[in-house]
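Asks: Take a look at the following structure, please.
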Amino acid sequence: MRDLNRLKSLQALEASARHGSFVGAAAELDVTPPAVGQLVRSLEDWVGYPLFRRSRSGAERLTPVDEAQDALNDIAEGLDRLETGLRKLRGRKARSVVVVTASQALVANWLLARLDDFSTNYPTIDVRLDVSDRVIDLAQGEADIGIRCGLGAWKGVKSTFLMSEEIIAVCHNRLLRVDREVTAGWIVEQTLIHDGTPHPGGDFPTWAEWLAKSGANQVPAERGLKINSTAAVIQAAVAARGVALVRKALVAQELDSGRLVHLLPDVRWPVKWAYYIVAAPKALRRYEVAAFHDWLASRPR
């Protein structure tokens with residue numbers, strides 16, 4: 001016979017361990033921190049020993065003892081399976097929600113065009129987009145799953161390679177003249193749009209480096225329009241303010257429409273940064289999150 005009298009206490013234990021505090025667990029469970037503390041203490045009375053090491057300083061004030069840590073994966077998996085069972089009780093038409101985070105530029109120029117396919121294949125899962133250029137804390141549940149561009153190593157999440165990236169030169173089609181060939185020399189004469197966004201470890205080229213590789217005789221170092229936002233750099237290029245160096249995936253839709261033109265496509269500059277699907281292991285145990293992860297991983301690039 002199953003004893004489920006302590007189900008709420010197990011929820012409190014798992015949430016407190018994940019957040020490192022009763023306060024974080026209380027916000028998730030929609031109760032007060034003292035109520036969470038009482039639930040955990042009732043479980044401690046039942047097992048006969050403290051389940052957390054408590055400290056007054058540090059980012060994580062609650063640390064599970066070894067015995068609790070050994071049990072937490074089973075407890076979390078059991079809670080997830082209970083949630084799945086409840087969803088099945090509601091029937092096949094019950095709707096689920098997956099919260100997806102990605103940068104503004106990637107959502108607008110790459111992800112949105114593909115979401116209809118997900119909705120067709122998973123009609124009972126609703127997608128909510130958290131569009132943000134800051135790094136959302138997936139390990140703490142700020143979103144369920146995300147797409148990040150970087151070197152692939154982020155604490156607390158599982159990373160799945162999605163696609164590689166390269167830097168290309170683009171401009172609006174109305175900047176081009178039919179009576180003049182596009183050359184490195186022509187690009188030098190244009191307003192150069194510089195992306196000042198940090199890309200640590202990515203091997204992103206400056207205009208001087210890219211033009212030198214393209215064979216330009218003159219390599220202007222810093223002149224032009226300087227912007228510290230990748231999304232704004234793309235917007236400036238779309239507005240025909242000059243020529244920009246951009247990540248290819250972020251302008252895929254503009255290239256397909258013909259509004260932006262890929263200049264000197266033979267000049268290749270692959271970068272070390274790539275795109276990854278990222279999610280906390282706990283989130284991936286949910287059906288809707290795993291479905292979005294697997295669908296995204298199988299998309300044509």
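FYI, nothing fancy with the structure tokens labels: chains A, B, ... in order, residues from 1 per chain, ligands from 1 as they appear.
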Just the residues within 12 Å of A:Trp154, please, counting only C-alpha atoms, with nothing from its chain fewer than 6 positions along; format it as a ChimeraX atom specification.
Replies: /A:135-139,146-148,160,276-280
Asks: Need to verify the contact set: A:Pro33, 6 Å, only C-alpha atoms, exclusion of same-chain residues closer than 2 positions in sequence. Can you return it as an NGL selection string?
Replies: :A and (22-23 or 26 or 35-36)
Asks: Please produce a file of the residues just selected, as a compact mmCIF listing (two decimals), in the first residue's frame, where the atoms kept are all heavy atoms.
Replies:
# COMPACT_ATOMS: atom_id res chain seq x y z
N PHE A 22 13.91 28.25 1.49
CA PHE A 22 12.47 28.11 1.65
C PHE A 22 11.73 29.23 0.91
O PHE A 22 10.60 29.05 0.47
CB PHE A 22 12.10 28.14 3.13
CG PHE A 22 12.57 26.94 3.91
CD1 PHE A 22 12.85 27.04 5.26
CD2 PHE A 22 12.74 25.71 3.30
CE1 PHE A 22 13.27 25.96 5.99
CE2 PHE A 22 13.17 24.60 4.01
CZ PHE A 22 13.44 24.73 5.36
N VAL A 23 12.38 30.38 0.78
CA VAL A 23 11.75 31.52 0.11
C VAL A 23 11.49 31.20 -1.36
O VAL A 23 10.39 31.43 -1.88
CB VAL A 23 12.62 32.79 0.25
CG1 VAL A 23 12.03 33.93 -0.59
CG2 VAL A 23 12.73 33.21 1.70
N ALA A 26 8.80 28.60 -1.65
CA ALA A 26 7.48 29.15 -1.34
C ALA A 26 6.89 29.89 -2.53
O ALA A 26 5.70 29.78 -2.83
CB ALA A 26 7.58 30.08 -0.13
N ALA A 35 5.47 28.00 5.91
CA ALA A 35 4.72 26.79 5.60
C ALA A 35 5.63 25.74 4.95
O ALA A 35 5.53 24.55 5.27
CB ALA A 35 3.56 27.12 4.67
N VAL A 36 6.52 26.19 4.08
CA VAL A 36 7.48 25.26 3.47
C VAL A 36 8.39 24.68 4.56
O VAL A 36 8.66 23.47 4.59
CB VAL A 36 8.32 25.97 2.39
CG1 VAL A 36 9.42 25.03 1.86
CG2 VAL A 36 7.44 26.42 1.23
Asks: What's the separation between atom CA of A:Ala297 and atom CA of A:Met163, in Å to one decimal place?
Replies: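 Between atom CA of A:Ala297 and atom CA of A:Met163 the gap is 9.1 Å.
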Asks: With stretch 94-107 of chain A as the partner and 7 Å as the cut-off, tabulate the residues of stretch 114-153 of chain A that qualify, each row holding the nearest pair of atoms and their distance in Å to one decimal, using only C-alpha atoms, sorted by chain and rising number, as a tab-separated table.
Replies:
residue	atom	partner	partner_atom	distance
A:Thr124	CA	A:Arg95	CA	4.7
A:Ile125	CA	A:Ser96	CA	4.7
A:Asp126	CA	A:Val97	CA	4.7
A:Val127	CA	A:Val98	CA	5.2
A:Arg128	CA	A:Val99	CA	4.7
A:Leu129	CA	A:Val100	CA	5.0
A:Asp130	CA	A:Thr101	CA	4.6
A:Val131	CA	A:Gln104	CA	5.4
A:Ser132	CA	A:Ser103	CA	5.1
A:Asp133	CA	A:Ser103	CA	4.8
A:Ala143	CA	A:Val99	CA	5.2
A:Asp144	CA	A:Val99	CA	5.1
A:Ile145	CA	A:Val100	CA	5.1
A:Gly146	CA	A:Thr101	CA	4.5
A:Ile147	CA	A:Ala102	CA	5.2
A:Arg148	CA	A:Ala102	CA	6.6
Asks: For atom CA of A:Ala274 and atom CA of A:Val246, quote the distance in Å rounded to one decimal.
Replies: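 Distance reported for this atom pair: 13.6 Å.
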Asks: Can you pull out the residues contacting A:Leu62? Cut-off 12 Å, using only C-alpha atoms, and skip same-chain residues under 2 positions away; I want them as number ranges by chain.
Replies: A: 13-25, 37, 40, 50-60, 64-65, 68-69
Asks: Would you kindly return, as a compact mmCIF listing (two decimals) with N, CA, C and O atoms, in the first residue's frame, each protein, DNA or RNA residue with an atom no farther than 10 Å from any atom of A:Asn121, considering only C-alpha atoms and excluding same-chain residues fewer than 4 positions away?
Replies:
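Result saved to around.txt:
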# COMPACT_ATOMS: atom_id res chain seq x y z
N LEU A 115 7.69 27.81 -36.04
CA LEU A 115 6.79 27.40 -34.96
C LEU A 115 5.48 26.80 -35.46
O LEU A 115 4.86 26.00 -34.76
N ASP A 116 5.04 27.19 -36.65
CA ASP A 116 3.81 26.59 -37.19
C ASP A 116 3.96 25.08 -37.32
O ASP A 116 3.01 24.32 -37.10
N ASP A 117 5.16 24.63 -37.67
CA ASP A 117 5.40 23.20 -37.81
C ASP A 117 5.26 22.50 -36.46
O ASP A 117 4.69 21.41 -36.37
N ILE A 125 0.09 21.47 -27.28
CA ILE A 125 1.14 22.18 -26.54
C ILE A 125 1.20 23.62 -27.01
O ILE A 125 1.39 23.89 -28.20
N ALA A 291 9.31 17.25 -25.80
CA ALA A 291 8.78 17.27 -27.17
C ALA A 291 9.34 18.45 -27.94
O ALA A 291 9.74 18.32 -29.11
N TRP A 295 11.81 18.12 -31.16
CA TRP A 295 11.37 18.74 -32.41
C TRP A 295 12.40 19.74 -32.91
O TRP A 295 12.77 19.74 -34.09
Asks: Please determine, counting only C-alpha atoms, which residue among A:Ala27, A:Val157, A:Leu250, A:Leu86 has the shortest atom-to-atom distance to A:Leu284.
Replies: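 Smallest distance to A:Leu284 is found for A:Val157.
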Asks: Using only C-alpha atoms for the distances, tell me which of A:Ser257, A:Thr191, A:Gln218, A:Thr32 is nearest to A:Asn173.
Replies: A:Ser257
Asks: DSSP on the backbone: which residues in stretch 79-207 of chain A end up as strand (DSSP E or B)? Give the answer as a PyMOL selection string.
Replies: chain A and resi 96-102+125-131+145-150+158-172+192-195
Asks: Got time to write the residues from that selection, C-alpha atoms, as a JSON list (two decimals), in the first residue's frame?
Replies:
[["chain", "number", "residue", "atom", "x", "y", "z"],
["A", 96, "SER", "CA", 0.27, 22.00, -21.88],
["A", 97, "VAL", "CA", 2.52, 25.05, -22.01],
["A", 98, "VAL", "CA", 6.24, 25.24, -22.74],
["A", 99, "VAL", "CA", 8.04, 28.53, -22.07],
["A", 100, "VAL", "CA", 10.84, 29.08, -24.61],
["A", 101, "THR", "CA", 13.50, 31.77, -24.30],
["A", 102, "ALA", "CA", 15.77, 33.12, -27.04],
["A", 125, "ILE", "CA", 1.14, 22.18, -26.54],
["A", 126, "ASP", "CA", 1.12, 25.97, -26.40],
["A", 127, "VAL", "CA", 4.41, 27.83, -26.85],
["A", 128, "ARG", "CA", 5.08, 30.98, -24.84],
["A", 129, "LEU", "CA", 8.08, 33.01, -25.94],
["A", 130, "ASP", "CA", 10.25, 34.83, -23.41],
["A", 131, "VAL", "CA", 12.17, 37.12, -25.77],
["A", 145, "ILE", "CA", 13.92, 25.64, -22.49],
["A", 146, "GLY", "CA", 16.03, 28.06, -24.50],
["A", 147, "ILE", "CA", 18.28, 28.58, -27.48],
["A", 148, "ARG", "CA", 21.66, 30.11, -26.66],
["A", 149, "CYS", "CA", 24.62, 31.12, -28.77],
["A", 150, "GLY", "CA", 28.00, 30.53, -27.20],
["A", 158, "LYS", "CA", 21.97, 20.29, -20.50],
["A", 159, "SER", "CA", 23.19, 21.64, -23.87],
["A", 160, "THR", "CA", 22.34, 20.03, -27.20],
["A", 161, "PHE", "CA", 24.10, 21.28, -30.33],
["A", 162, "LEU", "CA", 21.66, 22.92, -32.75],
["A", 163, "MET", "CA", 23.70, 24.55, -35.53],
["A", 164, "SER", "CA", 27.00, 26.24, -36.25],
["A", 165, "GLU", "CA", 27.38, 29.90, -37.08],
["A", 166, "GLU", "CA", 29.43, 32.18, -39.31],
["A", 167, "ILE", "CA", 29.83, 35.92, -39.79],
["A", 168, "ILE", "CA", 28.75, 37.41, -43.11],
["A", 169, "ALA", "CA", 28.64, 40.89, -44.62],
["A", 170, "VAL", "CA", 25.19, 42.18, -45.59],
["A", 171, "CYS", "CA", 23.47, 45.33, -46.79],
["A", 172, "HIS", "CA", 20.04, 46.38, -48.02],
["A", 192, "LEU", "CA", 30.44, 50.31, -41.93],
["A", 193, "ILE", "CA", 28.14, 49.24, -39.08],
["A", 194, "HIS", "CA", 30.11, 47.91, -36.09],
["A", 195, "ASP", "CA", 28.58, 45.51, -33.53]]
Asks: Return the single residue from A:Gln235, A:Ala153, A:Ile227, A:Arg247 that is closest to A:His262, with distances computed using only C-alpha atoms.
Replies: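 Between A:Gln235, A:Ala153, A:Ile227, A:Arg247, the residue approaching A:His262 most closely is A:Arg247.
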Asks: I want to know what sits within 6 Å of A:Ser9, based on only C-alpha atoms, with residues of the same chain fewer than 3 positions away left out; could you give that as a list in words?
Replies: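 Contacts, with the query itself left out: Arg6, Ala12, Leu39 and Val40 of chain A.
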Asks: Create the file for the chosen residues now, containing N, CA and C atoms and written as a compact mmCIF listing (two decimals), in the first residue's frame.
Replies:
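Result went into selection_24.txt, see below:
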# COMPACT_ATOMS: atom_id res chain seq x y z
N ARG A 6 2.67 12.13 2.81
CA ARG A 6 3.77 13.09 2.87
C ARG A 6 4.09 13.71 1.50
N ALA A 12 7.79 20.09 -1.00
CA ALA A 12 8.52 21.16 -0.32
C ALA A 12 10.02 20.86 -0.27
N LEU A 39 6.66 21.99 6.50
CA LEU A 39 6.54 20.74 5.75
C LEU A 39 7.86 19.98 5.75
N VAL A 40 8.97 20.70 5.57
CA VAL A 40 10.28 20.04 5.58
C VAL A 40 10.58 19.49 6.96
Asks: Where in stretch 47-282 of chain A does DSSP assign alpha helix (DSSP H), given as a ChimeraX atom specification?
Replies: /A:47,66-90,104-106,112-121,184-189,207-214,230-238,252-257,281-282
Asks: Please provide as a VMD selection string all residues within 12 Å of A:Leu264, with the sequence filter that same-chain residues fewer than 3 positions apart are discarded (counting only C-alpha atoms).
Replies: chain A and resid 167 to 171 181 to 187 210 to 211 213 to 216 243 245 261 267 to 269
Asks: With C-alpha atoms retained, write the just-selected residues as an mmCIF file, in the first residue's frame.
Replies:
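See out04.cif below for the written result:
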data_model
loop_
_atom_site.group_PDB
_atom_site.id
_atom_site.type_symbol
_atom_site.label_atom_id
_atom_site.label_comp_id
_atom_site.auth_asym_id
_atom_site.auth_seq_id
_atom_site.Cartn_x
_atom_site.Cartn_y
_atom_site.Cartn_z
ATOM 1 C CA ILE A 167 29.830 35.918 -39.794
ATOM 2 C CA ILE A 168 28.750 37.406 -43.115
ATOM 3 C CA ALA A 169 28.645 40.895 -44.619
ATOM 4 C CA VAL A 170 25.190 42.178 -45.593
ATOM 5 C CA CYS A 171 23.474 45.330 -46.791
ATOM 6 C CA GLU A 181 30.304 45.227 -59.092
ATOM 7 C CA VAL A 182 30.362 44.478 -55.359
ATOM 8 C CA THR A 183 34.008 44.187 -54.327
ATOM 9 C CA ALA A 184 35.948 44.628 -51.115
ATOM 10 C CA GLY A 185 36.880 48.083 -52.416
ATOM 11 C CA TRP A 186 33.201 48.961 -52.826
ATOM 12 C CA ILE A 187 32.461 47.830 -49.258
ATOM 13 C CA TRP A 210 37.225 40.817 -42.342
ATOM 14 C CA LEU A 211 38.266 43.343 -44.998
ATOM 15 C CA LYS A 213 40.775 38.661 -45.456
ATOM 16 C CA SER A 214 38.613 39.823 -48.372
ATOM 17 C CA GLY A 215 41.641 41.422 -50.055
ATOM 18 C CA ALA A 216 40.811 45.093 -49.583
ATOM 19 C CA VAL A 243 27.017 47.453 -44.452
ATOM 20 C CA LEU A 245 28.877 42.069 -40.225
ATOM 21 C CA VAL A 261 21.996 40.753 -49.667
ATOM 22 C CA VAL A 267 34.625 35.126 -47.909
ATOM 23 C CA ARG A 268 33.885 32.628 -45.117
ATOM 24 C CA TRP A 269 34.369 33.387 -41.424
#
Asks: Of the candidates A:Phe118, A:Ile234, A:Asp266, A:Gln140, which one gets nearest to A:Lys155 if we count only C-alpha atoms?
Replies: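 Among the listed residues, A:Gln140 lies closest to A:Lys155.
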